[in-house]
$ cat structure-v8.csv   # CSV, C-alpha atoms
chain,number,residue,atom,x,y,z
A,321,MET,CA,262.4,130.4,60.2
A,322,ILE,CA,259.5,132.6,61.4
A,323,ASN,CA,259.3,132.9,65.1
A,324,ILE,CA,256.2,134.3,66.7
A,325,SER,CA,256.8,135.3,70.3
A,326,GLY,CA,255.5,137.4,73.1
A,327,PRO,CA,255.3,139.5,75.1
A,328,GLY,CA,257.3,142.1,73.2
A,329,THR,CA,259.3,144.9,74.8
A,330,GLY,CA,259.2,148.7,74.3
A,331,MET,CA,255.6,148.7,73.0
A,332,LEU,CA,254.2,152.1,72.3
A,333,ALA,CA,251.0,152.7,74.4
A,334,GLY,CA,248.3,154.9,72.9
A,335,PRO,CA,250.0,156.4,69.8
A,336,PRO,CA,247.9,158.8,67.7
A,337,THR,CA,245.3,157.3,65.4
A,338,PRO,CA,246.4,157.2,61.8
A,339,PRO,CA,244.3,159.0,59.2
A,340,TYR,CA,243.4,155.7,57.4
A,341,GLU,CA,243.9,152.0,58.1
A,342,GLY,CA,246.2,151.0,61.0
A,343,TYR,CA,246.6,149.0,64.2
A,344,SER,CA,248.8,150.4,67.0
A,345,GLY,CA,248.1,147.5,69.4
A,346,PRO,CA,247.5,147.3,73.1
A,347,ALA,CA,250.4,147.7,75.4
A,348,ASN,CA,249.8,144.2,76.7
A,349,PRO,CA,249.5,141.4,75.8
A,350,ALA,CA,251.9,141.8,72.9
A,351,CYS,CA,253.9,139.7,70.5
A,352,PHE,CA,256.4,140.0,67.7
A,353,LEU,CA,257.1,138.3,64.4
A,354,THR,CA,260.8,137.5,64.0
A,355,MET,CA,262.1,137.1,60.4
A,356,ASN,CA,265.5,135.4,60.5
A,357,HIS,CA,265.8,133.8,57.1
A,358,LEU,CA,265.6,135.2,53.5
A,359,ASN,CA,262.5,133.0,53.0
A,360,ASP,CA,260.7,134.4,56.1
A,361,TRP,CA,258.0,136.8,54.9
A,362,GLY,CA,255.6,138.6,57.3
A,363,GLY,CA,252.4,140.3,56.5
A,364,GLN,CA,249.3,142.0,57.7
A,365,SER,CA,246.0,142.1,55.8
A,366,LEU,CA,243.7,145.1,55.9
A,367,THR,CA,240.4,146.2,54.5
A,368,THR,CA,240.3,149.7,53.1
A,369,SER,CA,237.9,152.3,54.4
A,370,GLN,CA,237.8,154.2,51.2
A,371,LYS,CA,239.4,154.7,47.8
A,372,TYR,CA,242.7,156.5,48.0
A,373,ASN,CA,246.4,156.8,46.9
A,374,PHE,CA,248.2,154.3,49.1
A,375,TRP,CA,251.4,156.2,49.6
A,376,ARG,CA,253.3,155.0,52.7
A,377,VAL,CA,253.2,152.7,55.8
A,378,GLU,CA,254.7,152.9,59.2
A,379,LEU,CA,255.8,149.6,60.9
A,380,TRP,CA,256.6,149.2,64.7
A,381,ILE,CA,259.9,147.3,64.2
A,382,LYS,CA,263.4,146.7,65.5
A,383,LYS,CA,266.5,144.7,64.5
A,384,GLY,CA,268.6,142.4,66.5
A,385,PRO,CA,271.5,143.7,68.6
A,386,GLY,CA,274.3,144.8,66.3
A,387,ALA,CA,272.5,143.3,63.3
A,388,ALA,CA,273.2,144.5,59.8
A,389,ILE,CA,270.0,143.3,58.1
A,390,GLY,CA,270.4,145.0,54.8
A,391,ASP,CA,267.4,146.4,52.9
A,392,VAL,CA,264.0,145.5,54.1
A,393,ASP,CA,261.4,145.2,51.3
A,394,VAL,CA,257.9,146.5,52.1
A,395,GLU,CA,255.2,145.7,49.6
A,396,LEU,CA,251.4,146.0,49.0
A,397,TRP,CA,249.7,142.9,47.6
A,398,ALA,CA,246.2,141.9,46.6
A,399,VAL,CA,244.8,138.9,48.5
A,400,ASP,CA,243.0,135.7,47.6
A,401,GLY,CA,239.8,134.4,49.2
A,402,ASN,CA,241.6,133.3,52.3
A,403,GLY,CA,243.2,136.7,52.8
A,404,HIS,CA,246.7,135.5,51.7
A,405,PRO,CA,248.9,137.7,49.4
A,406,THR,CA,248.4,136.6,45.8
A,407,GLY,CA,249.3,137.6,42.2
A,408,THR,CA,252.1,140.1,41.9
A,409,LYS,CA,252.9,143.0,44.2
A,410,LEU,CA,251.0,146.2,43.5
A,411,ASN,CA,253.7,148.6,44.8
A,412,SER,CA,256.8,148.5,46.9
A,413,GLY,CA,259.3,150.4,49.0
A,414,VAL,CA,262.6,149.9,50.9
A,415,ILE,CA,263.6,150.5,54.5
A,416,LEU,CA,267.4,150.8,54.8
A,417,ASN,CA,269.3,149.0,57.6
A,418,ALA,CA,270.4,152.4,59.0
A,419,ASP,CA,266.8,153.5,59.5
A,420,ILE,CA,266.0,150.6,61.8
A,421,ALA,CA,267.0,150.9,65.4
A,422,GLU,CA,267.7,148.1,68.0
A,423,ASP,CA,264.7,149.3,70.0
A,424,TYR,CA,261.1,149.3,68.8
A,425,ALA,CA,260.1,152.5,66.9
A,426,TRP,CA,257.7,153.5,64.1
A,427,VAL,CA,259.6,153.3,60.9
A,428,SER,CA,258.2,154.8,57.7
A,429,CYS,CA,258.4,153.4,54.2
A,430,THR,CA,257.1,155.1,51.0
A,431,LEU,CA,255.7,152.6,48.5
A,432,ASP,CA,256.9,154.1,45.2
A,433,VAL,CA,259.7,151.9,44.0
A,434,LEU,CA,257.6,149.8,41.6
A,435,ARG,CA,255.5,152.5,40.1
A,436,LYS,CA,257.1,155.8,41.1
A,437,THR,CA,253.6,156.9,42.0
A,438,PRO,CA,251.1,155.8,44.7
A,439,TYR,CA,248.9,152.8,44.0
A,440,ILE,CA,245.2,153.6,44.0
A,441,VAL,CA,243.4,151.2,46.4
A,442,SER,CA,239.7,150.5,46.0
A,443,ALA,CA,237.2,151.1,48.9
A,444,ALA,CA,236.1,148.2,51.1
A,445,THR,CA,238.8,145.9,49.5
A,446,LYS,CA,241.2,143.6,51.3
A,447,TYR,CA,245.0,144.0,50.7
A,448,CYS,CA,248.1,142.8,52.5
A,449,VAL,CA,251.3,144.7,53.6
A,450,VAL,CA,254.2,142.3,53.2
A,451,VAL,CA,257.7,142.6,54.7
A,452,HIS,CA,260.8,140.5,53.9
A,453,GLY,CA,264.6,140.8,53.4
A,454,LEU,CA,267.3,139.0,51.4
A,455,ASP,CA,269.9,139.5,54.1
A,456,PHE,CA,267.9,138.1,57.1
A,457,THR,CA,269.7,135.4,59.0
A,458,ALA,CA,269.7,133.8,62.5
A,459,VAL,CA,271.9,136.6,63.8
A,460,HIS,CA,270.7,139.4,61.4
A,461,TYR,CA,267.0,139.4,62.0
A,462,LEU,CA,264.0,141.8,62.1
A,463,GLU,CA,261.3,141.8,64.7
A,464,TRP,CA,257.9,143.3,63.7
A,465,ALA,CA,255.7,143.7,66.8
A,466,CYS,CA,252.1,142.5,66.9
A,467,GLY,CA,249.1,142.6,69.2
A,468,GLY,CA,247.9,139.2,70.4
A,469,ASP,CA,244.8,139.9,72.4
A,470,GLY,CA,242.6,137.7,70.3
A,471,SER,CA,240.6,140.5,68.7
A,472,GLY,CA,242.8,143.4,67.6
A,473,TYR,CA,242.4,145.0,64.2
A,474,PRO,CA,239.1,144.2,62.5
A,475,ASN,CA,238.9,142.8,58.9
A,476,GLY,CA,242.6,142.0,58.8
A,477,ASP,CA,245.0,139.4,60.3
A,478,GLN,CA,248.6,138.4,60.7
A,479,GLU,CA,250.1,136.6,57.7
A,480,TRP,CA,253.4,134.7,57.5
A,481,SER,CA,255.3,132.5,55.1
A,482,THR,CA,258.5,130.4,55.5
A,483,ASP,CA,259.0,129.7,51.8
A,484,GLY,CA,259.4,133.1,50.3
A,485,GLY,CA,255.8,133.9,49.9
A,486,ASN,CA,254.6,130.8,48.1
A,487,ILE,CA,252.5,129.3,50.9
A,488,TRP,CA,250.9,131.6,53.6
A,489,ALA,CA,249.5,130.9,57.0
A,490,THR,CA,247.0,133.2,58.9
A,491,ASP,CA,246.7,133.8,62.6
A,492,ASN,CA,243.4,135.6,63.2
A,493,THR,CA,244.2,136.2,66.9
A,494,LYS,CA,247.2,138.4,66.1
A,495,ASP,CA,247.8,141.6,64.1
A,496,GLN,CA,251.0,143.3,63.1
A,497,LEU,CA,251.4,146.9,64.2
A,498,PHE,CA,251.1,149.2,61.1
A,499,ARG,CA,249.7,152.5,59.9
A,500,CYS,CA,248.7,153.4,56.4
A,501,TYR,CA,248.8,157.0,55.0
A,502,PRO,CA,247.4,158.5,51.8
A,503,SER,CA,249.4,160.6,49.4
A,504,PRO,CA,249.3,164.4,50.0
A,505,PHE,CA,248.6,164.6,46.3
A,506,ILE,CA,245.4,163.1,44.9
A,507,ASP,CA,245.0,163.1,41.2
A,508,ASN,CA,248.5,162.7,39.8
A,509,TYR,CA,250.9,161.1,37.3
A,510,SER,CA,254.4,160.8,38.8
A,511,GLY,CA,255.7,158.5,36.1
A,512,LYS,CA,258.8,156.3,36.2
A,513,ILE,CA,261.1,158.4,34.1
A,514,LEU,CA,261.8,155.4,32.0
A,515,GLY,CA,261.6,155.7,28.2
A,516,GLY,CA,260.4,159.3,28.7
A,517,GLY,CA,261.8,162.7,27.9
A,518,SER,CA,260.9,166.4,28.0
A,519,SER,CA,259.2,169.0,25.9
A,520,MET,CA,260.9,172.3,25.3
A,521,PHE,CA,258.6,175.4,25.9
A,522,ASN,CA,260.5,178.1,24.0
A,523,THR,CA,257.9,180.7,23.1
A,524,GLU,CA,255.0,182.4,24.9
A,525,ASN,CA,252.7,180.5,22.6
A,526,ILE,CA,253.7,177.0,23.7
A,527,TRP,CA,251.5,175.7,26.4
A,528,GLY,CA,251.4,172.2,27.7
A,529,GLY,CA,250.1,169.9,30.5
A,530,ASN,CA,247.9,166.9,31.2
A,531,SER,CA,244.3,166.1,31.5
A,532,PHE,CA,242.9,163.9,34.3
A,533,THR,CA,239.6,162.5,35.6
A,534,ALA,CA,239.2,163.3,39.3
A,535,GLN,CA,239.2,160.2,41.5
A,536,LYS,CA,237.1,161.9,44.2
A,537,SER,CA,235.7,165.2,45.3
A,538,TYR,CA,238.1,167.4,47.3
A,539,PRO,CA,239.2,171.0,47.8
A,540,LEU,CA,242.1,171.6,45.5
A,541,LYS,CA,244.9,173.8,47.1
A,542,SER,CA,247.8,173.6,44.7
A,543,LEU,CA,249.3,172.2,41.5
A,544,LYS,CA,252.7,171.0,40.5
A,545,MET,CA,254.5,169.8,37.4
A,546,TYR,CA,258.0,168.3,36.9
A,547,PHE,CA,260.3,170.6,34.9
A,548,HIS,CA,263.4,172.9,34.9
A,549,LYS,CA,264.9,175.8,33.1
A,550,ASP,CA,268.3,175.8,31.5
A,551,VAL,CA,271.2,177.0,33.7
A,552,GLY,CA,271.6,180.7,33.6
A,553,ASN,CA,268.2,181.3,32.1
A,554,ASP,CA,265.8,183.9,33.4
A,555,VAL,CA,262.4,182.6,32.3
A,556,GLY,CA,260.3,185.3,34.1
A,557,ASN,CA,257.0,184.4,35.8
A,558,LEU,CA,255.4,181.1,34.7
A,559,ILE,CA,251.6,180.5,34.9
A,560,MET,CA,250.1,177.2,36.0
A,561,ALA,CA,246.4,176.7,35.8
A,562,LEU,CA,243.5,174.3,36.2
A,563,TYR,CA,241.2,174.2,33.2
A,564,SER,CA,237.9,172.7,32.4
A,565,VAL,CA,238.0,170.6,29.2
A,566,ASP,CA,235.9,170.3,26.1
A,567,GLY,CA,234.4,167.1,24.6
A,568,LEU,CA,237.7,166.2,23.1
A,569,GLY,CA,239.5,166.5,26.4
A,570,HIS,CA,241.3,169.8,25.4
A,571,PRO,CA,241.7,172.6,27.9
A,572,LEU,CA,238.7,175.0,27.6
A,573,ASP,CA,238.3,177.6,30.5
A,574,VAL,CA,240.6,178.6,33.3
A,575,LEU,CA,239.1,177.6,36.7
A,576,ARG,CA,242.0,178.6,38.9
A,577,GLN,CA,245.6,179.8,38.2
A,578,GLY,CA,248.7,180.8,40.0
A,579,THR,CA,252.1,182.3,39.3
A,580,ILE,CA,255.6,180.7,39.7
A,581,PRO,CA,258.3,183.3,40.0
A,582,ASP,CA,261.5,182.7,38.1
A,583,VAL,CA,263.5,182.4,41.3
A,584,ASP,CA,261.5,179.3,42.2
A,585,VAL,CA,262.1,177.5,38.9
A,586,PRO,CA,264.9,174.8,39.3
A,587,GLU,CA,267.9,175.1,37.0
A,588,GLY,CA,269.4,172.2,35.0
A,589,VAL,CA,267.6,169.4,36.9
A,590,PRO,CA,263.9,168.9,37.0
A,591,ALA,CA,262.0,169.1,40.3
A,592,TRP,CA,258.4,169.2,41.4
A,593,THR,CA,257.5,172.9,41.2
A,594,GLY,CA,254.1,174.6,41.4
A,595,CYS,CA,251.9,177.2,43.0
A,596,ASP,CA,248.9,177.7,45.2
A,597,VAL,CA,245.7,178.0,43.3
A,598,ALA,CA,243.4,178.8,46.3
A,599,ASP,CA,240.4,176.6,47.1
A,600,PHE,CA,238.6,175.0,44.2
A,601,ASN,CA,236.2,172.1,44.7
A,602,ILE,CA,237.2,169.3,42.4
A,603,VAL,CA,234.2,167.1,41.5
A,604,ALA,CA,234.6,163.3,41.3
A,605,ASP,CA,234.6,161.7,37.9
A,606,THR,CA,234.9,165.1,36.2
A,607,LYS,CA,237.7,165.8,33.7
A,608,TYR,CA,240.1,168.7,34.1
A,609,ALA,CA,243.6,169.7,32.8
A,610,VAL,CA,246.7,171.1,34.5
A,611,ILE,CA,248.5,173.5,32.1
A,612,LEU,CA,251.8,175.3,32.3
A,613,ARG,CA,253.0,178.3,30.1
A,614,GLY,CA,255.5,181.1,30.2
A,615,PRO,CA,254.6,184.6,28.9
A,616,SER,CA,258.3,185.6,28.8
A,617,LEU,CA,259.7,182.4,27.2
A,618,GLY,CA,261.8,182.6,24.0
A,619,PRO,CA,264.7,182.6,23.9
A,620,PRO,CA,264.7,181.4,27.5
A,621,VAL,CA,263.2,178.0,27.7
A,622,ILE,CA,261.8,175.5,30.2
A,623,ARG,CA,261.9,171.7,29.8
A,624,VAL,CA,258.8,169.9,31.0
A,625,VAL,CA,259.1,166.2,31.7
A,626,TRP,CA,256.8,163.6,30.2
A,627,ASP,CA,256.8,159.8,30.6
A,628,ASN,CA,255.4,156.9,28.6
A,629,TRP,CA,256.5,153.9,30.7
A,630,LEU,CA,253.0,152.4,30.6
A,631,GLY,CA,252.8,153.0,26.8
A,632,ALA,CA,249.3,153.2,25.3
A,633,SER,CA,247.7,152.1,28.6
A,634,ASP,CA,249.2,155.0,30.4
A,635,PHE,CA,247.7,157.3,33.1
A,636,PRO,CA,244.0,156.4,33.1
A,637,GLY,CA,241.4,159.1,32.4
A,638,GLY,CA,243.8,161.7,31.0
A,639,ASP,CA,246.4,162.6,28.3
A,640,TYR,CA,249.2,164.8,27.3
A,641,GLU,CA,247.9,168.1,25.9
A,642,TYR,CA,250.1,170.5,23.9
A,643,SER,CA,249.5,173.8,22.0
A,644,ASN,CA,251.9,175.9,20.0
A,645,SER,CA,249.2,178.6,19.3
A,646,GLY,CA,248.7,180.0,22.8
A,647,GLY,CA,245.9,177.7,23.6
A,648,VAL,CA,243.9,178.2,20.4
A,649,ALA,CA,244.5,174.7,19.0
A,650,TRP,CA,245.5,171.6,21.0
A,651,VAL,CA,247.2,168.3,20.2
A,652,THR,CA,246.5,165.2,22.3
A,653,LEU,CA,249.0,162.4,22.6
A,654,THR,CA,247.5,159.3,24.2
A,655,ASP,CA,250.8,157.3,24.5
A,656,LYS,CA,252.5,159.7,27.0
A,657,ASP,CA,251.7,162.0,29.9
A,658,PHE,CA,253.2,165.1,31.4
A,659,LEU,CA,254.1,164.6,35.1
A,660,PHE,CA,251.7,166.5,37.4
A,661,ARG,CA,250.3,166.5,40.9
A,662,CYS,CA,247.1,167.9,42.4
A,663,TYR,CA,247.3,168.6,46.1
A,664,ASN,CA,244.6,169.2,48.7
A,665,SER,CA,247.2,171.1,50.8
A,666,PHE,CA,250.1,173.2,49.7
$ encode --input "structure-v8.csv" --output "structure tokens"
Amino acid sequence: MINISGPGTGMLAGPPTPPYEGYSGPANPACFLTMNHLNDWGGQSLTTSQKYNFWRVELWIKKGPGAAIGDVDVELWAVDGNGHPTGTKLNSGVILNADIAEDYAWVSCTLDVLRKTPYIVSAATKYCVVVHGLDFTAVHYLEWACGGDGSGYPNGDQEWSTDGGNIWATDNTKDQLFRCYPSPFIDNYSGKILGGGSSMFNTENIWGGNSFTAQKSYPLKSLKMYFHKDVGNDVGNLIMALYSVDGLGHPLDVLRQGTIPDVDVPEGVPAWTGCDVADFNIVADTKYAVILRGPSLGPPVIRVVWDNWLGASDFPGGDYEYSNSGGVAWVTLTDKDFLFRCYNSF
């Protein structure tokens, strides 16, 4: 059963402020939420400061002495009118037993298991970070530290459940220690690589990429796509570019472009690969396209990964764009998307 105790030990005093939501707690008084049963679920609600890609969280946690607690599930949930987790989880991640020490420490978890891409949270909206584990027992338990000074983190509270998340209780005098971080890439489609495939670019006239509608205004620094060359191929320099689009969503004019040397192109297995495109001020709610091509392709080829795991309701605000005429004519496919990422730092 859930055990809420205090004061805790090994509390971190005065850690750096996270870039987005977070509560690092006072050194004293302090408490901890002990989860020692598979039906013990702990949570912390939070209210977002802005719209962003909710990418990872850090938790101030430890496990019991000598405990093998198995995988710890960390999830993001919407909340109901009482601030309790509700509906279905929005995204999830896993912390391995080996990554959790027997002394308190900040442990990071990337929330990308469910979607393979960050979940976009809305501004000024309440959510809940939820923690639980199937292998928790009376001797294999997890402690998640909290601050219990009666005020703590504004617009969020400690949440806990003893029945596997069906019924929740709130303690508005306590807050779990947590930190939320945005993704380093902003506009993106990272896919799930389920029911997807790759397109072969085997001539200099085959160009391809994806359009997107910018979530926010930001200085673009770099672009990446998910692709590889065949083993032993020398594909020469590749060109990746940001384009404006026409009324049909097809690439129109080059806004920024960069070069990817052959030596940087992965062989045999796809990887996130890209280039710096210098500063370009992306404008919110404006449509752009990320396009890749190879002037030296044919017979050497590259294979660029696309994904359609969401089907027709795929990546919002953008589509797969493909040309076999060197960018003169374009084909749009609305049921799949090339994997791409736009970064505000390279």
$ residues_around --input "structure-v8.csv" --residues "segment 440-451 of chain A" --least-positions-apart "2" --cutoff "10 Å" --atoms "only C-alpha atoms" --output "JSON, numbers by chain"
{"A": [355, 360, 361, 362, 363, 364, 365, 366, 367, 368, 369, 370, 371, 372, 373, 374, 375, 377, 379, 392, 393, 394, 395, 396, 397, 398, 399, 400, 401, 403, 404, 405, 406, 409, 410, 411, 412, 413, 414, 415, 437, 438, 453, 462, 464, 475, 476, 477, 478, 479, 480, 485, 496, 498, 500, 502, 503, 506, 507, 535]}
$ atom_distance --input "structure-v8.csv" --atom1 "atom CA of Ser564 of chain A" --atom2 "atom CA of Tyr642 of chain A"
15.0 Å
$ closest_residue --input "structure-v8.csv" --among "A:Asp596, A:Asp627, A:Asp432, A:Asp491" --to "Asn402 of chain A" --atoms "all atoms listed in the file"
A:Asp491
$ closest_residue --input "structure-v8.csv" --among "A:His548, A:Arg499, A:Asp573, A:Leu562" --to "Ser518 of chain A" --atoms "all atoms listed in the file"
A:His548
$ residues_around --input "structure-v8.csv" --residues "Asn417 of chain A" --least-positions-apart "3" --cutoff "12 Å" --atoms "all atoms listed in the file" --output "PyMOL selection string"
chain A and resi 381-384+386-393+414+420-422+427+453-456+460-462
$ closest_residue --input "structure-v8.csv" --among "A:Gly511, A:Gly345, A:Gly467, A:Pro615" --to "Met545 of chain A" --atoms "only C-alpha atoms"
A:Gly511
$ build_atoms --input "structure-v8.csv" --residues "segment 446-480 of chain A" --atoms "N, CA and C atoms" --output "short mmCIF file (atom, residue, chain, number, x, y, z; two decimals), in the frame of the given file"
data_model
loop_
_atom_site.label_atom_id
_atom_site.label_comp_id
_atom_site.auth_asym_id
_atom_site.auth_seq_id
_atom_site.Cartn_x
_atom_site.Cartn_y
_atom_site.Cartn_z
N LYS A 446 240.17 144.17 50.45
CA LYS A 446 241.20 143.60 51.30
C LYS A 446 242.56 143.58 50.53
N TYR A 447 243.62 144.02 51.21
CA TYR A 447 245.00 144.00 50.70
C TYR A 447 245.89 143.42 51.80
N CYS A 448 247.18 143.31 51.51
CA CYS A 448 248.10 142.80 52.50
C CYS A 448 249.43 143.63 52.41
N VAL A 449 249.93 144.13 53.54
CA VAL A 449 251.30 144.70 53.60
C VAL A 449 252.24 143.59 53.94
N VAL A 450 253.26 143.42 53.11
CA VAL A 450 254.20 142.30 53.20
C VAL A 450 255.61 142.84 53.47
N VAL A 451 256.35 142.16 54.36
CA VAL A 451 257.70 142.60 54.70
C VAL A 451 258.64 141.37 54.58
N HIS A 452 259.82 141.57 53.96
CA HIS A 452 260.80 140.50 53.90
C HIS A 452 262.18 141.13 53.55
N GLY A 453 263.25 140.34 53.64
CA GLY A 453 264.60 140.80 53.40
C GLY A 453 265.54 139.74 52.94
N LEU A 454 266.34 139.98 51.92
CA LEU A 454 267.30 139.00 51.40
C LEU A 454 268.43 138.68 52.35
N ASP A 455 268.73 139.62 53.26
CA ASP A 455 269.90 139.50 54.10
C ASP A 455 269.52 138.98 55.55
N PHE A 456 268.27 138.59 55.76
CA PHE A 456 267.90 138.10 57.10
C PHE A 456 268.56 136.75 57.36
N THR A 457 269.15 136.61 58.55
CA THR A 457 269.70 135.40 59.00
C THR A 457 269.41 135.17 60.48
N ALA A 458 269.92 134.08 61.06
CA ALA A 458 269.70 133.80 62.50
C ALA A 458 270.23 134.89 63.38
N VAL A 459 271.29 135.58 62.93
CA VAL A 459 271.90 136.60 63.80
C VAL A 459 271.58 138.03 63.20
N HIS A 460 271.09 138.10 61.98
CA HIS A 460 270.70 139.40 61.40
C HIS A 460 269.22 139.33 61.09
N TYR A 461 268.46 139.65 62.09
CA TYR A 461 267.00 139.40 62.00
C TYR A 461 266.22 140.70 62.29
N LEU A 462 264.97 140.65 61.88
CA LEU A 462 264.00 141.80 62.10
C LEU A 462 262.87 141.28 62.92
N GLU A 463 262.46 142.11 63.88
CA GLU A 463 261.30 141.80 64.70
C GLU A 463 260.19 142.89 64.32
N TRP A 464 259.01 142.40 63.98
CA TRP A 464 257.90 143.30 63.70
C TRP A 464 256.83 142.97 64.78
N ALA A 465 256.55 143.95 65.62
CA ALA A 465 255.70 143.70 66.80
C ALA A 465 254.23 143.53 66.34
N CYS A 466 253.52 142.76 67.14
CA CYS A 466 252.10 142.50 66.90
C CYS A 466 251.33 142.55 68.19
N GLY A 467 250.04 142.70 68.10
CA GLY A 467 249.10 142.60 69.20
C GLY A 467 248.50 141.22 69.20
N GLY A 468 248.45 140.57 70.35
CA GLY A 468 247.90 139.20 70.40
C GLY A 468 246.82 139.03 71.39
N ASP A 469 245.88 139.98 71.40
CA ASP A 469 244.80 139.90 72.40
C ASP A 469 243.61 139.13 71.95
N GLY A 470 243.70 138.55 70.77
CA GLY A 470 242.60 137.70 70.30
C GLY A 470 241.56 138.47 69.49
N SER A 471 241.58 139.78 69.49
CA SER A 471 240.60 140.50 68.70
C SER A 471 241.35 141.49 67.78
N GLY A 472 241.90 142.57 68.35
CA GLY A 472 242.80 143.40 67.60
C GLY A 472 242.10 144.15 66.43
N TYR A 473 242.82 144.22 65.33
CA TYR A 473 242.40 145.00 64.20
C TYR A 473 241.29 144.27 63.41
N PRO A 474 240.15 144.91 63.17
CA PRO A 474 239.10 144.20 62.50
C PRO A 474 239.34 144.11 60.96
N ASN A 475 238.84 143.04 60.36
CA ASN A 475 238.90 142.80 58.90
C ASN A 475 240.35 142.72 58.39
N GLY A 476 241.24 142.18 59.24
CA GLY A 476 242.60 142.00 58.80
C GLY A 476 243.29 141.04 59.83
N ASP A 477 244.36 140.36 59.41
CA ASP A 477 245.00 139.40 60.30
C ASP A 477 246.51 139.31 59.97
N GLN A 478 247.24 138.71 60.92
CA GLN A 478 248.60 138.40 60.70
C GLN A 478 248.80 137.33 59.65
N GLU A 479 249.75 137.57 58.73
CA GLU A 479 250.10 136.60 57.70
C GLU A 479 251.58 136.28 57.78
N TRP A 480 251.96 135.04 57.53
CA TRP A 480 253.40 134.70 57.50
C TRP A 480 253.66 133.53 56.60
#
